[in-house]
Structures are given as structure tokens and as C-alpha cells.
>>> print(open('model04.cif').read())   # mmCIF, C-alpha atoms and all ligand atoms
data_data
loop_
_atom_site.label_atom_id
_atom_site.label_comp_id
_atom_site.auth_asym_id
_atom_site.auth_seq_id
_atom_site.Cartn_x
_atom_site.Cartn_y
_atom_site.Cartn_z
CA MET A 20 0.00 0.00 0.00
CA SER A 21 1.24 3.48 -0.89
CA ASP A 22 2.24 5.70 2.09
CA SER A 23 0.74 8.71 0.38
CA LEU A 24 -2.79 7.36 0.51
CA PRO A 25 -4.24 7.23 4.05
CA ARG A 26 -6.75 4.44 3.35
CA ASP A 27 -7.61 1.14 4.86
CA ASP A 28 -7.14 -0.83 1.67
CA GLN A 29 -6.40 -0.33 -1.99
CA ALA A 30 -9.81 1.29 -2.58
CA THR A 31 -9.79 4.01 -5.18
CA ILE A 32 -12.94 5.68 -3.85
CA VAL A 33 -12.43 7.98 -0.85
CA ARG A 34 -14.40 10.66 1.01
CA PRO A 35 -13.08 13.75 2.83
CA TYR A 36 -12.12 13.34 6.50
CA GLY A 37 -13.09 15.89 9.17
CA ASP A 38 -14.00 14.52 12.60
CA THR A 39 -14.47 10.83 11.80
CA THR A 40 -13.34 8.65 8.91
CA GLY A 41 -15.41 9.12 5.80
CA ASP A 42 -17.67 11.82 7.27
CA GLY A 43 -17.20 13.93 4.14
CA MET A 44 -16.41 17.12 6.08
CA ILE A 45 -14.70 19.95 4.20
CA GLN A 46 -14.01 23.61 4.89
CA LEU A 47 -14.17 26.41 2.37
CA SER A 48 -13.73 30.17 2.42
CA PHE A 49 -15.13 32.87 0.16
CA THR A 50 -16.27 36.48 0.06
CA LEU A 51 -19.69 37.87 -0.90
CA PRO A 52 -20.34 41.45 -1.98
CA VAL A 53 -22.87 41.90 0.84
CA PRO A 54 -22.42 44.02 4.02
CA HIS A 55 -21.65 41.96 7.15
CA GLY A 56 -24.83 40.81 8.88
CA LYS A 57 -27.60 38.22 8.96
CA LEU A 58 -28.49 38.62 5.30
CA ALA A 59 -24.88 37.98 4.31
CA ASP A 60 -24.66 34.93 6.60
CA GLY A 61 -27.84 33.48 5.11
CA GLY A 62 -26.49 34.05 1.62
CA ALA A 63 -23.28 32.23 2.50
CA LEU A 64 -25.19 29.20 3.79
CA GLN A 65 -27.39 29.19 0.71
CA LEU A 66 -24.31 29.10 -1.52
CA ALA A 67 -22.73 26.31 0.55
CA ARG A 68 -25.88 24.18 0.32
CA LYS A 69 -26.09 24.75 -3.42
CA MET A 70 -22.48 23.52 -3.60
CA GLY A 71 -23.52 20.25 -1.99
CA LEU A 72 -22.62 20.89 1.69
CA ASP A 73 -25.30 19.39 3.90
CA PRO A 74 -25.31 20.18 6.77
CA ALA A 75 -23.39 23.45 6.29
CA LEU A 76 -22.10 25.32 9.35
CA LEU A 77 -20.99 28.94 9.27
CA VAL A 78 -17.85 28.98 11.43
CA HIS A 79 -16.53 32.43 10.56
CA SER A 80 -18.08 35.60 9.18
CA ALA A 81 -16.21 38.91 9.17
CA PRO A 82 -16.60 42.26 7.41
CA VAL A 83 -14.24 43.18 4.58
CA GLY A 84 -14.80 46.93 4.53
CA GLU A 85 -18.39 48.17 4.57
CA THR A 86 -19.70 46.36 1.52
CA HIS A 87 -18.26 42.81 1.61
CA THR A 88 -18.17 39.85 4.01
CA PHE A 89 -15.64 37.02 4.31
CA PHE A 90 -16.85 33.53 5.36
CA VAL A 91 -15.53 30.16 6.40
CA VAL A 92 -18.06 27.34 6.09
CA TYR A 93 -17.62 23.78 7.38
CA GLY A 94 -19.87 20.98 6.19
CA SER A 95 -20.31 17.51 4.82
CA VAL A 96 -20.30 16.74 1.10
CA THR A 97 -21.87 13.69 -0.45
CA HIS A 98 -19.43 13.64 -3.35
CA LEU A 99 -16.89 10.84 -3.70
CA VAL A 100 -13.29 11.07 -4.89
CA ASP A 101 -12.37 8.48 -7.52
CA LEU A 102 -8.59 8.21 -7.40
CA SER A 103 -8.54 6.02 -10.52
CA GLN A 104 -9.62 9.09 -12.51
CA VAL A 105 -6.85 11.37 -11.22
CA ALA A 106 -4.10 12.17 -13.75
CA VAL A 107 -0.67 12.68 -12.16
CA ASP A 108 2.25 14.28 -13.99
CA GLU A 109 5.05 11.94 -12.82
CA ARG A 110 8.69 12.88 -13.41
CA ASP A 111 10.07 10.70 -16.22
CA HIS A 112 13.74 11.41 -15.53
CA PRO A 113 16.05 11.02 -12.53
CA LEU A 114 16.46 13.64 -9.80
CA LEU A 115 20.15 14.57 -9.93
CA THR A 116 22.44 16.00 -7.26
CA PRO A 117 24.19 19.33 -8.03
CA LYS A 118 27.40 17.38 -8.69
CA GLU A 119 25.66 15.09 -11.16
CA VAL A 120 24.11 18.10 -12.89
CA ASP A 121 27.50 19.78 -13.34
CA ALA A 122 29.12 16.52 -14.49
CA ALA A 123 26.42 15.89 -17.10
CA ILE A 124 26.76 19.41 -18.54
CA ARG A 125 30.58 19.32 -18.48
CA GLU A 126 30.89 15.89 -20.05
CA ARG A 127 28.05 15.92 -22.51
CA LEU A 128 27.26 19.56 -23.37
CA ARG A 129 30.93 20.60 -23.05
CA ARG A 130 30.11 24.27 -22.48
CA LYS A 131 28.18 26.27 -19.92
CA LEU A 132 24.43 25.89 -19.99
CA VAL A 133 22.90 29.38 -20.14
CA VAL A 134 19.72 30.18 -18.25
CA VAL A 135 17.86 33.49 -18.46
CA GLY A 136 15.15 34.08 -15.87
CA ALA A 137 12.56 36.78 -15.23
CA CYS A 138 9.24 37.69 -13.73
CA ILE A 139 7.24 39.09 -16.66
CA GLY A 140 4.37 41.54 -17.14
CA THR A 141 3.46 43.68 -14.16
CA ASP A 142 4.24 40.84 -11.74
CA ALA A 143 6.70 41.93 -9.06
CA HIS A 144 6.75 38.67 -7.06
CA THR A 145 10.39 37.71 -7.41
CA VAL A 146 10.71 35.43 -4.39
CA GLY A 147 9.74 32.34 -6.42
CA ILE A 148 12.14 32.82 -9.32
CA ASP A 149 14.88 33.89 -6.88
CA ALA A 150 14.29 30.68 -4.91
CA ILE A 151 15.08 28.71 -8.05
CA LEU A 152 17.92 30.85 -9.43
CA ASN A 153 19.73 32.56 -6.53
CA ILE A 154 22.56 30.73 -4.81
CA LYS A 155 20.70 30.85 -1.47
CA GLY A 156 18.08 28.53 -3.04
CA PHE A 157 15.01 27.01 -1.43
CA ALA A 158 14.03 24.18 0.92
CA GLY A 159 17.66 23.41 1.77
CA GLU A 160 18.76 23.22 -1.86
CA LYS A 161 21.09 25.73 -3.50
CA GLY A 162 19.74 27.64 -6.53
CA LEU A 163 20.96 27.23 -10.10
CA GLU A 164 23.65 29.90 -9.61
CA TYR A 165 25.43 27.30 -7.48
CA GLN A 166 25.96 25.09 -10.52
CA ARG A 167 29.49 25.75 -11.83
CA GLU A 168 28.48 24.62 -15.29
CA MET A 169 25.52 26.99 -15.57
CA ARG A 170 25.55 30.68 -16.36
CA VAL A 171 22.48 32.30 -14.84
CA VAL A 172 21.15 35.71 -15.84
CA ASN A 173 18.33 36.85 -13.56
CA LEU A 174 16.54 39.85 -15.07
CA GLY A 175 14.33 40.38 -12.00
CA ALA A 176 10.78 41.74 -11.90
CA GLN A 177 8.35 43.34 -14.36
CA VAL A 178 10.32 42.42 -17.47
CA LEU A 179 8.53 43.08 -20.75
CA VAL A 180 8.37 40.22 -23.24
CA PRO A 181 10.42 42.05 -25.95
CA GLU A 182 13.13 42.70 -23.34
CA LEU A 183 13.14 39.04 -22.40
CA VAL A 184 13.39 37.92 -26.02
CA ALA A 185 16.27 40.37 -26.62
CA ALA A 186 18.10 39.20 -23.50
CA ALA A 187 17.65 35.54 -24.42
CA ARG A 188 19.12 36.26 -27.85
CA ALA A 189 22.02 38.38 -26.52
CA GLU A 190 22.92 35.80 -23.88
CA ARG A 191 22.43 32.86 -26.26
CA ALA A 192 20.09 31.31 -23.70
CA ASP A 193 19.56 27.56 -23.72
CA ALA A 194 16.59 27.97 -21.41
CA VAL A 195 14.29 30.82 -20.45
CA LEU A 196 12.69 30.56 -17.00
CA VAL A 197 9.65 32.73 -16.39
CA SER A 198 7.77 33.26 -13.14
CA GLN A 199 4.12 34.24 -12.83
CA VAL A 200 2.57 34.53 -9.38
CA VAL A 201 -0.31 36.97 -9.87
CA THR A 202 -3.29 35.15 -11.38
CA GLN A 203 -5.91 37.89 -11.26
CA ARG A 204 -7.93 37.86 -14.50
CA ASP A 205 -5.78 34.95 -15.65
CA ALA A 206 -2.79 37.28 -16.09
CA HIS A 207 -0.42 34.31 -15.71
CA ILE A 208 -2.09 32.49 -18.62
CA HIS A 209 -2.21 35.54 -20.92
CA ASN A 210 1.36 36.59 -20.15
CA THR A 211 2.71 33.09 -20.67
CA THR A 212 0.97 32.49 -23.98
CA ALA A 213 2.08 35.94 -25.21
CA MET A 214 5.64 35.15 -24.15
CA SER A 215 5.76 31.76 -25.88
CA ALA A 216 4.22 33.23 -29.06
CA ALA A 217 6.83 36.01 -29.08
CA PHE A 218 9.69 33.50 -28.78
CA ARG A 219 8.30 31.33 -31.56
CA GLU A 220 8.04 34.38 -33.77
CA ALA A 221 11.49 35.74 -32.94
CA PHE A 222 13.48 32.50 -33.29
CA PRO A 223 13.59 30.09 -36.25
CA GLU A 224 11.98 26.70 -35.65
CA GLY A 225 14.34 24.39 -33.78
CA GLU A 226 16.27 27.33 -32.27
CA VAL A 227 13.72 28.51 -29.73
CA PRO A 228 15.23 28.27 -26.23
CA LEU A 229 13.64 25.79 -23.86
CA LEU A 230 10.69 27.68 -22.36
CA ILE A 231 9.88 26.98 -18.71
CA VAL A 232 7.24 28.72 -16.65
CA GLY A 233 6.61 28.46 -12.93
CA GLY A 234 4.31 29.76 -10.22
CA PRO A 235 2.01 28.53 -7.46
CA ARG A 236 -1.22 28.45 -9.46
CA PHE A 237 -0.19 26.78 -12.69
CA GLU A 238 -1.59 23.36 -13.53
CA GLU A 239 1.44 21.20 -14.11
CA ASP A 240 -0.11 19.46 -17.13
CA SER A 241 -0.78 22.75 -18.93
CA ALA A 242 2.52 23.13 -20.81
CA GLN A 243 1.12 22.31 -24.22
CA ARG A 244 -1.84 24.66 -23.81
CA LEU A 245 0.48 27.48 -22.78
CA GLY A 246 2.96 26.84 -25.59
CA VAL A 247 5.89 26.14 -23.26
CA ASP A 248 8.06 23.08 -22.74
CA LYS A 249 7.50 22.65 -19.02
CA VAL A 250 5.43 24.02 -16.16
CA PHE A 251 6.52 23.94 -12.51
CA GLY A 252 4.07 24.56 -9.67
CA ARG A 253 3.97 25.19 -5.94
CA GLY A 254 6.90 23.97 -3.87
CA THR A 255 9.26 23.36 -6.80
CA THR A 256 12.89 22.96 -5.74
CA PRO A 257 16.00 24.07 -7.68
CA GLY A 258 17.14 20.45 -7.96
CA GLU A 259 13.96 19.51 -9.81
CA VAL A 260 14.55 22.33 -12.28
CA ALA A 261 18.26 21.54 -12.74
CA SER A 262 17.44 17.86 -13.32
CA TYR A 263 14.84 18.78 -15.92
CA LEU A 264 17.31 21.10 -17.69
CA VAL A 265 19.79 18.24 -17.97
CA HIS A 266 17.07 15.88 -19.15
CA ALA A 267 15.75 18.30 -21.79
CA LEU A 268 18.95 19.96 -22.99
CA VAL A 269 21.78 17.52 -22.35
CA ASP A 270 20.23 14.06 -22.46
CA ARG A 271 17.69 14.90 -25.15
CA PRO A 272 18.00 12.39 -27.99
CA GLY A 273 19.36 14.31 -30.98
CA GLY A 274 20.15 17.32 -28.76
CA ASP A 275 22.90 19.60 -30.02
CA PRO A 276 25.94 19.20 -27.77
CA ALA A 277 27.96 21.84 -29.66
C1 LIG A 301 5.57 38.40 -0.72
C2 LIG A 301 4.30 38.80 -1.45
C3 LIG A 301 4.28 40.06 -2.05
C4 LIG A 301 5.49 40.99 -2.07
C5 LIG A 301 6.43 40.51 -3.20
C6 LIG A 301 7.89 40.80 -2.88
C7 LIG A 301 8.79 40.17 -3.88
N1 LIG A 301 9.92 40.78 -4.09
O1 LIG A 301 8.51 39.11 -4.43
C8 LIG A 301 4.82 42.37 -2.36
C9 LIG A 301 4.49 43.05 -1.04
C10 LIG A 301 5.61 43.33 -3.23
C11 LIG A 301 3.50 41.93 -3.01
C12 LIG A 301 2.73 42.75 -3.80
C13 LIG A 301 1.51 42.40 -4.33
N2 LIG A 301 0.85 41.25 -4.12
CO1 LIG A 301 1.63 39.72 -3.22
N3 LIG A 301 2.08 38.25 -2.15
C14 LIG A 301 3.17 37.93 -1.50
C15 LIG A 301 2.95 36.58 -0.76
C16 LIG A 301 2.65 36.93 0.71
C17 LIG A 301 4.08 35.58 -0.79
C18 LIG A 301 4.61 35.22 -2.19
C19 LIG A 301 5.92 34.50 -2.01
O2 LIG A 301 6.96 35.13 -1.92
N4 LIG A 301 5.88 33.14 -1.90
C20 LIG A 301 7.08 32.33 -1.64
C21 LIG A 301 7.67 31.75 -2.95
C22 LIG A 301 8.93 30.95 -2.64
O3 LIG A 301 6.68 30.88 -3.47
P1 LIG A 301 6.20 30.92 -5.00
O4 LIG A 301 6.16 32.31 -5.51
O5 LIG A 301 4.99 30.09 -5.09
O6 LIG A 301 7.38 30.19 -5.79
C23 LIG A 301 7.58 28.79 -5.74
C24 LIG A 301 6.83 28.02 -6.84
O7 LIG A 301 5.62 28.60 -7.23
C25 LIG A 301 7.84 27.93 -7.95
N5 LIG A 301 8.04 29.02 -8.89
C26 LIG A 301 7.65 30.31 -8.86
N6 LIG A 301 8.10 30.95 -9.94
C27 LIG A 301 8.80 30.07 -10.67
C28 LIG A 301 9.47 30.20 -11.89
C29 LIG A 301 10.11 29.08 -12.43
C30 LIG A 301 10.84 29.23 -13.73
C31 LIG A 301 10.10 27.85 -11.74
C32 LIG A 301 10.79 26.68 -12.31
C33 LIG A 301 9.43 27.71 -10.52
C34 LIG A 301 8.79 28.83 -10.01
O8 LIG A 301 9.05 27.75 -7.25
C35 LIG A 301 9.04 28.54 -6.05
C36 LIG A 301 9.74 27.73 -4.98
O9 LIG A 301 9.02 26.56 -4.74
C37 LIG A 301 1.68 36.01 -1.50
C38 LIG A 301 0.74 35.17 -0.64
C39 LIG A 301 1.27 33.78 -0.42
N7 LIG A 301 1.27 33.38 0.82
O10 LIG A 301 1.72 33.12 -1.36
C40 LIG A 301 1.00 37.30 -1.98
C41 LIG A 301 0.17 37.25 -3.27
C42 LIG A 301 0.91 36.47 -4.34
N8 LIG A 301 0.11 38.67 -3.64
C43 LIG A 301 -1.03 39.02 -4.12
C44 LIG A 301 -1.38 40.31 -4.55
C45 LIG A 301 -2.82 40.53 -4.95
C46 LIG A 301 -0.45 41.35 -4.57
C47 LIG A 301 -0.70 42.79 -5.01
C48 LIG A 301 -1.55 42.95 -6.26
C49 LIG A 301 -1.31 43.52 -3.80
C50 LIG A 301 -1.72 44.95 -4.10
N9 LIG A 301 -3.03 45.15 -4.17
O11 LIG A 301 -0.88 45.80 -4.24
C51 LIG A 301 0.73 43.31 -5.22
C52 LIG A 301 1.17 43.11 -6.67
C53 LIG A 301 2.53 43.67 -6.96
C54 LIG A 301 2.92 43.30 -8.36
N10 LIG A 301 3.01 44.30 -9.22
O12 LIG A 301 3.12 42.15 -8.66
C55 LIG A 301 -2.00 37.85 -4.20
C56 LIG A 301 -2.18 37.32 -5.62
C57 LIG A 301 -3.60 36.92 -5.85
C58 LIG A 301 -3.83 36.42 -7.23
N11 LIG A 301 -4.79 35.55 -7.36
O13 LIG A 301 -3.20 36.74 -8.17
C59 LIG A 301 -1.36 36.85 -3.18
C60 LIG A 301 -1.62 35.37 -3.47
C61 LIG A 301 -1.93 37.23 -1.77
C62 LIG A 301 -3.42 36.98 -1.67
N12 LIG A 301 -3.84 35.86 -1.13
O14 LIG A 301 -4.21 37.76 -2.08
N13 LIG A 301 3.22 40.64 -2.71
#
>>> encode(input="model04.cif", output="C-alpha cells")
Amino acid sequence: MSDSLPRDDQATIVRPYGDTTGDGMIQLSFTLPVPHGKLADGGALQLARKMGLDPALLVHSAPVGETHTFFVVYGSVTHLVDLSQVAVDERDHPLLTPKEVDAAIRERLRRKLVVVGACIGTDAHTVGIDAILNIKGFAGEKGLEYQREMRVVNLGAQVLVPELVAAARAERADAVLVSQVVTQRDAHIHNTTAMSAAFREAFPEGEVPLLIVGGPRFEEDSAQRLGVDKVFGRGTTPGEVASYLVHALVDRPGGDPA
């Protein structure tokens, strides 16, 4: 039995757990554009019941300014989770140590692997891309700057797509790493598709750098839809990114080692 699945047997059907096994209890939070009060509370419970929570308990209700109210609702759902229908994007290459990453690049690429990174659009959330690129790293792992065989150019925040394309060309980037944290009005989707289209227009086919995008709200199986080679989500570590770079740029069958 897999450790990651807290179940009694190999069943693929599970229900949420709150107070007792299989009670179906979940908690959700949301905001309604209604002033704080009994009307707002009733509206919140109505929404929860329409979403399939029965019984639904209002455990928190607080004003957000004078016109909105924030809620936390706790309740039981009747829905079942069918694990056999869940698609998981499993890594299809090994997780390498920093030493193995450097050795692979040195021995097989025989030149430095160039990475250009940026946070594009109006997004100023640089902590994520810095976690991957900067030497201080993330979750106990050093960032890509630690790799002796990589040259990392971090352009920082609010980089415009034409600037990114120009930098990738000037630096002869093997890979372009883009971060998108703000998701309001699907900004991360629009910015990423605009970025990938710009690269495909600016570079001849077969010479487009490897395009990687990351951020906490991306769906990891969305690379094709976004026009990029790879998507990394919440909690990504630098080692996962370095291992993927080796897999895609150094080990790639028919890859250009020159
Ligand atoms: C710190 C922070 C800020 C700081 C940013 C400082 C900086 N230099 O980055 C400041 C104060 C400037 C800020 C401003 C704003 N923020 Co802010 N911010 C946050 C906060 C609290 C933490 C983000 C963070 O640093 N996470 C830690 C890093 C390590 O995690 P990460 O970004 O997910 O990165 C990891 C992975 O996603 C992945 N990854 C990320 N990028 C990449 C790229 C690649 C290539 C790869 C491989 C992997 C990868 O790897 C990383 C490591 O695992 C979040 C809330 C939260 N708790 O997440 C809100 C949050 C992101 N901010 C938010 C908002 C709304 C704003 C503002 C619009 C607020 C305002 N009204 O002014 C402004 C926007 C400014 C702008 N122009 O972008 C919202 C976004 C909501 C949404 N749906 O889009 C959030 C979610 C808060 C909230 N709940 O409302 N913010």
C-alpha cells in the first residue's frame, strides 16, 4: 500500500475526513459582496448548500470593509473522490544531485548551460524565481547559480516580453525561465501564452530556447496549452529544475551538444 494514501485498503474511492473517517467534512472560504450581517450569513449558507454541503455550518463571518463579508463554512459533502480518474504528472527522468548536474553538462554539453530568468508583465513577485535561481536557493537546496556549469542571468521583476526575447538572444540562452505569481484575471495564462508566441516568432523553428514557466497556481499538465516546454508549480525545488534542464537539454536524444 502506498504511504501517500491514508486508506484502509487499496480502494480508489475515498471521502473527505473531518471529525471521523469518511464523514465527508470539508471547509471552504469565500467572500460575498454583501455588508456583514444576517443577510450575508444566510447568503453564505445558501451558496454552501447549493455547492452540496449538507449540513453546512458557518464557522466564521467577518466584514471586509463596509460592503463585503468574508466567510468560512464547514460541512459535509456527499461527493466521492475516484482516485482512478486522477491524472498525475510523474517525473520521467532522474532527480540529480548538483554534482551530477554539473558533471552531465561538463561531459556531454561541453560548455556552460545558459539560463535566463525573469518575472514578466506587471508581476513583481520575485521570491519564487529567486528561490530557483539565486545561490541561497530554497528548501535546503542551492539555486541554479550554485551550478558551476551553468551561467544564470536573472533579469528580475516586471520584465517586458520584448526585453526578455532580446536578452535571451544576446545571452544565447539555452533555457528561459519565467515566473508568474499573480493570477488575477488569468494574467499568468495571458502573459505566458504571449511570451511563448513572441519567442516562436522571434526565433527560427528548432532554435527557440527551452521555455519553462513556474508559479504557485499553474496546472502542471498545462505546458502544451500554454505553448511552453515545461510548467513547474507550488513547492518546486532548484534540484527539480536543474534535473529537468539536464534531461531536456543535455540528455535529449538528438540534442545539439555543440
Ligand atoms: C511576498 C508577497 C508580495 C510581495 C512581493 C515581494 C517580492 N519581491 O517578491 C509584495 C508586497 C511586493 C506583493 C505585492 C503584491 N501582491 Co503579493 N504576495 C506575497 C505573498 C505573501 C508571498 C509570495 C511568495 O513570496 N511566496 C514564496 C515563494 C517561494 O513561493 P512561490 O512564488 O509560489 O514560488 C515557488 C513556486 O511557485 C515555484 N516558482 C515560482 N516561480 C517560478 C518560476 C520558475 C521558472 C520555476 C521553475 C518555478 C517557479 O518555485 C518557487 C519555490 O518553490 C503572497 C501570498 C502567499 N502566501 O503566497 C501574496 C500574493 C501572491 N500577492 C497578491 C497580490 C494581490 C499582490 C498585489 C496585487 C497587492 C496589491 N493590491 O498591491 C501586489 C502586486 C505587486 C505586483 N506588481 O506584482 C496575491 C495574488 C492573488 C492572485 N490571485 O493573483 C497573493 C496570493 C496574496 C493573496 N492571497 O491575495 N506581494
>>> closest_atom_pairs(input="model04.cif", of="chain A", to="ligand LIG 301 (chain A)", cutoff="6 Å", atoms="all atoms listed in the file", output="CSV")
residue,atom,partner,partner_atom,distance
A:Thr141,CA,A:LIG301,N10,5.0
A:Asp142,CA,A:LIG301,O12,3.5
A:Ala143,CA,A:LIG301,O12,3.6
A:His144,CA,A:LIG301,O1,3.2
A:Thr145,CA,A:LIG301,O1,3.8
A:Val146,CA,A:LIG301,O1,4.3
A:Gly147,CA,A:LIG301,O6,3.3
A:Ile148,CA,A:LIG301,N6,4.5
A:Ala150,CA,A:LIG301,C36,5.4
A:Leu196,CA,A:LIG301,C30,4.0
A:Val197,CA,A:LIG301,C30,4.6
A:Ser198,CA,A:LIG301,C28,3.7
A:Gln199,CA,A:LIG301,N6,5.9
A:Val200,CA,A:LIG301,C42,5.6
A:Val201,CA,A:LIG301,O13,3.4
A:Thr202,CA,A:LIG301,O13,3.6
A:Gln203,CA,A:LIG301,O13,4.3
A:Ile231,CA,A:LIG301,C30,5.5
A:Val232,CA,A:LIG301,C30,4.7
A:Gly233,CA,A:LIG301,C28,3.5
A:Gly234,CA,A:LIG301,O7,3.5
A:Pro235,CA,A:LIG301,O7,3.6
A:Phe251,CA,A:LIG301,C32,5.1
A:Gly252,CA,A:LIG301,O7,5.0
A:Arg253,CA,A:LIG301,O7,4.0
A:Gly254,CA,A:LIG301,O9,3.5
A:Thr255,CA,A:LIG301,O9,3.8
A:Thr256,CA,A:LIG301,O9,5.4
A:Val260,CA,A:LIG301,C32,5.7
>>> atom_distance(input="model04.cif", atom1="CA of Glu85 (chain A)", atom2="CA of Leu64 (chain A)")
20.2 Å
>>> closest_residue(input="model04.cif", among="A:Leu132, A:Ser103, A:Ser215, A:Asn153", to="Arg191 (chain A)", atoms="all atoms listed in the file")
A:Leu132
>>> residues_around(input="model04.cif", residues="Glu126 (chain A)", least_positions_apart="2", cutoff="12 Å", atoms="all atoms listed in the file", output="number ranges by chain")
A: 118-124, 128-132, 168, 265, 269-270, 276-277
>>> write_last_selection(input="model04.cif", atoms="C-alpha atoms", output="PDB file, keeping the file's coordinate frame")
ATOM      1  CA  LYS A 118      27.400  17.380  -8.690  1.00  0.00           C
ATOM      2  CA  GLU A 119      25.660  15.090 -11.160  1.00  0.00           C
ATOM      3  CA  VAL A 120      24.110  18.100 -12.890  1.00  0.00           C
ATOM      4  CA  ASP A 121      27.500  19.780 -13.340  1.00  0.00           C
ATOM      5  CA  ALA A 122      29.120  16.520 -14.490  1.00  0.00           C
ATOM      6  CA  ALA A 123      26.420  15.890 -17.100  1.00  0.00           C
ATOM      7  CA  ILE A 124      26.760  19.410 -18.540  1.00  0.00           C
ATOM      8  CA  LEU A 128      27.260  19.560 -23.370  1.00  0.00           C
ATOM      9  CA  ARG A 129      30.930  20.600 -23.050  1.00  0.00           C
ATOM     10  CA  ARG A 130      30.110  24.270 -22.480  1.00  0.00           C
ATOM     11  CA  LYS A 131      28.180  26.270 -19.920  1.00  0.00           C
ATOM     12  CA  LEU A 132      24.430  25.890 -19.990  1.00  0.00           C
ATOM     13  CA  GLU A 168      28.480  24.620 -15.290  1.00  0.00           C
ATOM     14  CA  VAL A 265      19.790  18.240 -17.970  1.00  0.00           C
ATOM     15  CA  VAL A 269      21.780  17.520 -22.350  1.00  0.00           C
ATOM     16  CA  ASP A 270      20.230  14.060 -22.460  1.00  0.00           C
ATOM     17  CA  PRO A 276      25.940  19.200 -27.770  1.00  0.00           C
ATOM     18  CA  ALA A 277      27.960  21.840 -29.660  1.00  0.00           C
TER      19      ALA A 277
END
>>> axis_aligned_box(input="model04.cif", around="region 142-159 of chain A", padding_each_side="5 Å", output="lines of an AutoDock Vina configuration file")
center_x = 13.4
center_y = 32.7
center_z = -5.0
size_x = 28.3
size_y = 28.5
size_z = 23.5
>>> closest_residue(input="model04.cif", among="A:Pro74, A:Pro82, A:Pro257, A:Gly175", to="Met44 (chain A)", atoms="only C-alpha atoms")
A:Pro74
>>> atom_distance(input="model04.cif", atom1="CA of Thr116 (chain A)", atom2="CA of Arg271 (chain A)")
18.5 Å
>>> residues_around(input="model04.cif", residues="region 37-42 of chain A", least_positions_apart="5", cutoff="10 Å", atoms="all atoms listed in the file", output="tab-separated table (two decimals) with C-alpha atoms, in the frame of the given file")
chain	number	residue	atom	x	y	z
A	26	ARG	CA	-6.75	4.44	3.35
A	93	TYR	CA	-17.62	23.78	7.38
A	94	GLY	CA	-19.87	20.98	6.19
A	95	SER	CA	-20.31	17.51	4.82
A	96	VAL	CA	-20.30	16.74	1.10
A	97	THR	CA	-21.87	13.69	-0.45
A	99	LEU	CA	-16.89	10.84	-3.70
>>> residues_around(input="model04.cif", residues="Ala67 (chain A)", least_positions_apart="6", cutoff="12 Å", atoms="only C-alpha atoms", output="number ranges by chain")
A: 45-49, 60-61, 73-77, 90-96
>>> closest_residue(input="model04.cif", among="A:Gly258, A:Leu230, A:Leu264, A:Val33", to="Asp101 (chain A)", atoms="only C-alpha atoms")
A:Val33
>>> residues_around(input="model04.cif", residues="region 107-110 of chain A", least_positions_apart="2", cutoff="9 Å", atoms="all atoms listed in the file", output="JSON, numbers by chain")
{"A": [105, 112, 113, 114, 239, 240, 263]}
>>> write_last_selection(input="model04.cif", atoms="C-alpha atoms", output="PDB file, in the frame of the given file")
ATOM      1  CA  VAL A 105      -6.850  11.370 -11.220  1.00  0.00           C
ATOM      2  CA  HIS A 112      13.740  11.410 -15.530  1.00  0.00           C
ATOM      3  CA  PRO A 113      16.050  11.020 -12.530  1.00  0.00           C
ATOM      4  CA  LEU A 114      16.460  13.640  -9.800  1.00  0.00           C
ATOM      5  CA  GLU A 239       1.440  21.200 -14.110  1.00  0.00           C
ATOM      6  CA  ASP A 240      -0.110  19.460 -17.130  1.00  0.00           C
ATOM      7  CA  TYR A 263      14.840  18.780 -15.920  1.00  0.00           C
TER       8      TYR A 263
END
>>> atom_distance(input="model04.cif", atom1="CA of Thr31 (chain A)", atom2="CA of Leu102 (chain A)")
4.9 Å
>>> closest_residue(input="model04.cif", among="A:Ala261, A:Glu220, A:Ala242, A:Asn210", to="Val171 (chain A)", atoms="only C-alpha atoms")
A:Ala261
>>> closest_residue(input="model04.cif", among="A:His98, A:Arg244, A:Arg127, A:Lys69", to="His266 (chain A)", atoms="only C-alpha atoms")
A:Arg127
>>> residues_around(input="model04.cif", residues="Ala216 (chain A)", least_positions_apart="5", cutoff="12 Å", atoms="all atoms listed in the file", output="PyMOL selection string")
chain A and resi 180-181+184+209-211+221-222+227+230+244-247
>>> closest_residue(input="model04.cif", among="A:Lys161, A:Arg34, A:Lys155, A:Lys249", to="Ala194 (chain A)", atoms="only C-alpha atoms")
A:Lys249
>>> decode(input="model04.cif", residues="region 30-34 of chain A", atoms="all heavy atoms", output="compact mmCIF listing (two decimals), in the first residue's frame")
# COMPACT_ATOMS: atom_id res chain seq x y z
N ALA A 30 -8.62 0.69 -1.97
CA ALA A 30 -9.81 1.29 -2.58
C ALA A 30 -9.43 2.56 -3.32
O ALA A 30 -8.58 3.32 -2.88
CB ALA A 30 -10.85 1.60 -1.52
N THR A 31 -10.07 2.79 -4.44
CA THR A 31 -9.79 4.01 -5.18
C THR A 31 -10.84 5.08 -4.90
O THR A 31 -10.70 6.20 -5.33
CB THR A 31 -9.73 3.74 -6.69
OG1 THR A 31 -10.96 3.17 -7.09
CG2 THR A 31 -8.57 2.83 -7.05
N ILE A 32 -11.90 4.71 -4.18
CA ILE A 32 -12.94 5.68 -3.85
C ILE A 32 -12.74 6.15 -2.40
O ILE A 32 -12.72 5.33 -1.48
CB ILE A 32 -14.35 5.05 -3.98
CG1 ILE A 32 -14.56 4.43 -5.37
CG2 ILE A 32 -15.44 6.07 -3.65
CD1 ILE A 32 -14.65 5.40 -6.50
N VAL A 33 -12.59 7.45 -2.21
CA VAL A 33 -12.43 7.98 -0.85
C VAL A 33 -13.36 9.17 -0.64
O VAL A 33 -13.84 9.77 -1.59
CB VAL A 33 -10.96 8.43 -0.57
CG1 VAL A 33 -10.02 7.26 -0.58
CG2 VAL A 33 -10.51 9.50 -1.56
N ARG A 34 -13.60 9.48 0.65
CA ARG A 34 -14.40 10.66 1.01
C ARG A 34 -13.55 11.55 1.91
O ARG A 34 -12.63 11.06 2.58
CB ARG A 34 -15.66 10.24 1.79
CG ARG A 34 -16.60 9.37 1.00
CD ARG A 34 -17.94 9.23 1.72
NE ARG A 34 -18.69 10.47 1.64
CZ ARG A 34 -19.61 10.85 2.52
NH1 ARG A 34 -19.87 10.10 3.57
NH2 ARG A 34 -20.25 11.98 2.38
